[in-house]
Every structure is written in C-alpha cells, then in structure tokens.
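What follows is a single structure, written as structure tokens, with notes after it.
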Amino acid sequence: MRPASAWLEQSCETWGVPTPEILRLDLCLNEVLANVVAHGGDGALRCPVSLRLEVIVDDQTHRASVTVQDGGTAFDATASPQKPRPLTLAEAEPGGLGLLMMREYADELSYRRNADQNELTFSVVWAPAA
Amino acid sequence: MPIESREVSDGLRHISITGRLDVPGADAIASKFATLSSGANLRVVVDLSGVLFLGSSGIRLIILNAKTLQQQGGKMVLLVGDNEAIARTLQATGVDSLVPILADSAAAEAAALA
C-alpha cells in the first residue's frame, strides 16, 4: 500500500495537483485499498489491483480522479447506508469509518462493476489559483 | 519507534504515536497500543501531534483502545497540538464526540485525570 501512496503523490506532483488535494486523494486511496483487502476475498488478492490517475487542468476545470480496479467479490463501497453516529464511546463500533472518510474527503465518488472487476473512482476538485 | 510511552505519574500514562497511521502503520502499532491501554483505572494521553496521516484503521485502534480503558475504569484523551489535518479527520469521523481532543499538553493531562 505504501508504494501505491508514493506513486500517487509523485504522479500528482508531476501533474500540478495541489498538496491539500493530494492528501485528500491519499486518504481515499488508503480506504479503498483497505476495503479491497477486507472485502475482496481471494479474488482480490490473486489479481493485481490497477490504479489510474486522471488529472484535468484547464480554464474551467481542475480535477484529479483516481480509479481503483480490482478482481475481488462485487463490492460497492458507495452503496452502504451511512450508519448513524454513535453518541457515546460505549456504543461506538470501530467499523464503517472508511466510507465516511471517503465521503468526507472526496468531492465525487462512483462505483461500477465492469465484467468481473470492481471499479471505484474518487475525485477531488479545486479552484484555479487566482 | 512509531509508538512510545512514558509514565507521567501513578496511573497517568503518556503515549506518543508518530508517522503514518494507514493500514500498514496501524498494523505495526496495534499490539503495543493494546498492551499500553490495558490496566485498571488507567488514564492515558495519546499524543497524535506527530501523526502525518490518519486513516480509518488508525481511528479504529483509537476507538477500540479508548473503549478498553473506559471499561476498566480509566480514560483516554487525545492530544493533537497544532496538527490541524489530524484534528480535522478526528472531527469529520465524529471521534471528538467520543474521546476528548485537546491541543495543549497540560490541558490534556488535566482532562485525563478529571
């Protein structure tokens, strides 16, 4: 997972993605990969996980998107209902935070099942420098 | 070491965690964090000000160990210093309503003993 994060950081810097946006993408990537490992089963671990970064910077749009493709069991991380926040420590369950973090840090989040692959895409959008 | 501890006084422990608390980072400290969080009536300040990255697996460890301490009559408090990125993550995930979060070391120790 650390190599994936290093690749993301270097690639984003090459393409001019600002540091706060790189951090947001890195946080989401960590959560997506954690889910692949936790929910993907043997299928996920047998095939390589592919990562694709797309950066669009023009007059109107500043967006960086990462698509994570894995061969694991069909799992749509975006479809899980958001659990209500626990009120006390005694009630808190330590799970379910990954999706919460993805929704907090990504500006856009989408999933599709493509043949026997999961494809999860998350994007960050930022304002052009004045 | 990404996790270190020192005894401040009887029953008050200071744990410092540094580096990346991503999936491998959380795995690396899980066992020691659990050991340092077990004991009756133990008050613990967990210093996260040196944490560069806090993912859900790190947050999970914090919540689990805070619960363990509480169940044994103790308490956990988080110290974030001026690490705004970590403070933001803790607020976004609602941890701040479960475990006290303070920026100042002396205030954190006082809160742990309260």
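Ordered as shown in the structure tokens, chains take letters A, B, and onward, while each chain numbers its residues from 1 and ligands are numbered from 1 in the order shown.
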
Report as JSON lines: every residue of chain B with an atom at most 10 Å from chain A, its closest pair of atoms, and their distance in Å to one decimal, counting only C-alpha atoms, with rows sorted by chain and ascending residue number.
```
{"residue": "B:Arg20", "atom": "CA", "partner": "A:Arg2", "partner_atom": "CA", "distance": 9.8}
{"residue": "B:Asp22", "atom": "CA", "partner": "A:Asn30", "partner_atom": "CA", "distance": 6.6}
{"residue": "B:Val23", "atom": "CA", "partner": "A:Ala34", "partner_atom": "CA", "distance": 6.7}
{"residue": "B:Pro24", "atom": "CA", "partner": "A:Met1", "partner_atom": "CA", "distance": 7.6}
{"residue": "B:Gly25", "atom": "CA", "partner": "A:Arg2", "partner_atom": "CA", "distance": 9.6}
{"residue": "B:Phe53", "atom": "CA", "partner": "A:Leu27", "partner_atom": "CA", "distance": 7.7}
{"residue": "B:Leu54", "atom": "CA", "partner": "A:Leu27", "partner_atom": "CA", "distance": 7.8}
{"residue": "B:Gly55", "atom": "CA", "partner": "A:Leu27", "partner_atom": "CA", "distance": 6.4}
{"residue": "B:Ser56", "atom": "CA", "partner": "A:Gly98", "partner_atom": "CA", "distance": 5.4}
{"residue": "B:Ser57", "atom": "CA", "partner": "A:Gly98", "partner_atom": "CA", "distance": 8.2}
{"residue": "B:Ile59", "atom": "CA", "partner": "A:Pro94", "partner_atom": "CA", "distance": 7.8}
{"residue": "B:Arg60", "atom": "CA", "partner": "A:Pro94", "partner_atom": "CA", "distance": 4.8}
{"residue": "B:Leu61", "atom": "CA", "partner": "A:Pro94", "partner_atom": "CA", "distance": 7.7}
{"residue": "B:Ile62", "atom": "CA", "partner": "A:Pro94", "partner_atom": "CA", "distance": 8.7}
{"residue": "B:Ile63", "atom": "CA", "partner": "A:Pro94", "partner_atom": "CA", "distance": 6.2}
{"residue": "B:Leu64", "atom": "CA", "partner": "A:Pro94", "partner_atom": "CA", "distance": 6.4}
{"residue": "B:Ala66", "atom": "CA", "partner": "A:Leu89", "partner_atom": "CA", "distance": 7.7}
{"residue": "B:Lys67", "atom": "CA", "partner": "A:Leu89", "partner_atom": "CA", "distance": 6.3}
{"residue": "B:Thr68", "atom": "CA", "partner": "A:Ala90", "partner_atom": "CA", "distance": 9.5}
{"residue": "B:Gln70", "atom": "CA", "partner": "A:Ala90", "partner_atom": "CA", "distance": 8.2}
{"residue": "B:Gln71", "atom": "CA", "partner": "A:Ala90", "partner_atom": "CA", "distance": 8.3}
{"residue": "B:Ala85", "atom": "CA", "partner": "A:Leu23", "partner_atom": "CA", "distance": 9.5}
{"residue": "B:Thr89", "atom": "CA", "partner": "A:Met101", "partner_atom": "CA", "distance": 8.0}
{"residue": "B:Ala92", "atom": "CA", "partner": "A:Glu104", "partner_atom": "CA", "distance": 6.9}
{"residue": "B:Thr93", "atom": "CA", "partner": "A:Leu100", "partner_atom": "CA", "distance": 6.8}
{"residue": "B:Gly94", "atom": "CA", "partner": "A:Arg85", "partner_atom": "CA", "distance": 7.0}
{"residue": "B:Val95", "atom": "CA", "partner": "A:Leu89", "partner_atom": "CA", "distance": 8.9}
{"residue": "B:Ser97", "atom": "CA", "partner": "A:Leu87", "partner_atom": "CA", "distance": 7.1}
{"residue": "B:Leu98", "atom": "CA", "partner": "A:Leu89", "partner_atom": "CA", "distance": 5.0}
{"residue": "B:Val99", "atom": "CA", "partner": "A:Leu89", "partner_atom": "CA", "distance": 7.3}
```

If we count only C-alpha atoms and set the cut-off at 6 Å, which residues sit around A:Ser123, ignoring sequence neighbours fewer than 4 positions away in its own chain? Please answer as a ChimeraX atom specification. /A:64-65,106-108

Write to file, as a compact mmCIF listing (two decimals), in the first residue's frame, the residues of the selection just made, with N, CA and C atoms.
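Output below, filename out_11.txt:
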```
# COMPACT_ATOMS: atom_id res chain seq x y z
N ALA A 64 -8.81 16.00 -10.19
CA ALA A 64 -7.96 14.81 -10.24
C ALA A 64 -8.81 13.62 -9.80
N SER A 65 -8.77 12.57 -10.61
CA SER A 65 -9.58 11.38 -10.31
C SER A 65 -8.70 10.16 -10.26
N ALA A 106 -13.58 13.05 -0.52
CA ALA A 106 -13.70 13.09 -1.98
C ALA A 106 -14.84 14.02 -2.35
N ASP A 107 -14.67 14.73 -3.46
CA ASP A 107 -15.76 15.57 -3.95
C ASP A 107 -16.74 14.75 -4.78
N GLU A 108 -16.23 13.71 -5.41
CA GLU A 108 -17.10 12.84 -6.20
C GLU A 108 -16.68 11.40 -5.94
```

DSSP strand (DSSP E) residues within stretch 53-105 of chain A, as a VMD selection string: chain A and resid 53 to 57 62 to 70

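For the set A:Asp70, A:Glu9, A:Ala115, A:Phe122, the residue with the smallest atom-to-atom gap to A:Asn35 is A:Asp70, counting only C-alpha atoms.
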
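Neighbours of B:Glu4 closer than or equal to 8 Å, with only C-alpha atoms counted and sequence neighbours fewer than 4 positions away skipped, come out as Ile15, Ser16 and Ile17 of chain B.
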
With N, CA and C atoms retained, write the just-selected residues as an mmCIF file, in the first residue's frame.
```
data_model
loop_
_atom_site.group_PDB
_atom_site.id
_atom_site.type_symbol
_atom_site.label_atom_id
_atom_site.label_comp_id
_atom_site.auth_asym_id
_atom_site.auth_seq_id
_atom_site.Cartn_x
_atom_site.Cartn_y
_atom_site.Cartn_z
ATOM 1 N N ILE B 15 1.243 8.345 25.835
ATOM 2 C CA ILE B 15 1.630 7.533 24.669
ATOM 3 C C ILE B 15 1.829 8.462 23.489
ATOM 4 N N SER B 16 2.943 8.337 22.784
ATOM 5 C CA SER B 16 3.179 9.142 21.577
ATOM 6 C C SER B 16 3.161 8.259 20.357
ATOM 7 N N ILE B 17 2.366 8.656 19.366
ATOM 8 C CA ILE B 17 2.325 7.910 18.107
ATOM 9 C C ILE B 17 2.778 8.849 16.999
#
```

Using only C-alpha atoms, which residue out of B:Pro100, B:Gly58, B:Leu52, B:Glu84 lies closest to B:Ala28? B:Gly58

Can you pull out every residue within 8 Å of B:Leu113, counting only C-alpha atoms, but drop anything in the same chain fewer than 2 positions away, and send it as a PyMOL selection string? chain B and resi 12+43+109-111

Requested write-out: N, CA and C atoms of the selected residues, as a PDB file, in the first residue's frame:
```pdb
ATOM      1  N   LEU B  12      -1.136   7.676  35.367  1.00  0.00           N
ATOM      2  CA  LEU B  12      -1.246   8.548  34.184  1.00  0.00           C
ATOM      3  C   LEU B  12      -0.112   8.234  33.222  1.00  0.00           C
ATOM      4  N   ARG B  43      -5.260   6.246  33.219  1.00  0.00           N
ATOM      5  CA  ARG B  43      -5.555   7.473  32.461  1.00  0.00           C
ATOM      6  C   ARG B  43      -4.453   7.642  31.425  1.00  0.00           C
ATOM      7  N   GLU B 109      -3.482  16.511  30.033  1.00  0.00           N
ATOM      8  CA  GLU B 109      -3.229  15.733  31.254  1.00  0.00           C
ATOM      9  C   GLU B 109      -4.311  15.999  32.285  1.00  0.00           C
ATOM     10  N   ALA B 110      -4.713  17.247  32.404  1.00  0.00           N
ATOM     11  CA  ALA B 110      -5.776  17.583  33.364  1.00  0.00           C
ATOM     12  C   ALA B 110      -7.077  16.895  32.986  1.00  0.00           C
ATOM     13  N   ALA B 111      -7.365  16.869  31.698  1.00  0.00           N
ATOM     14  CA  ALA B 111      -8.605  16.232  31.238  1.00  0.00           C
ATOM     15  C   ALA B 111      -8.561  14.735  31.479  1.00  0.00           C
TER      16      ALA B 111
END
```

May I have the residues within 10 Å of A:Gly72 as a PyMOL selection string, using only C-alpha atoms and disregarding those fewer than 6 positions away in the same chain? chain A and resi 36-37+39-47+49+116-118

Give me, as a PyMOL selection string, the residues of chain B that a backbone DSSP run labels alpha helix (DSSP H). chain B and resi 23-36+56-71+84-92+105-113
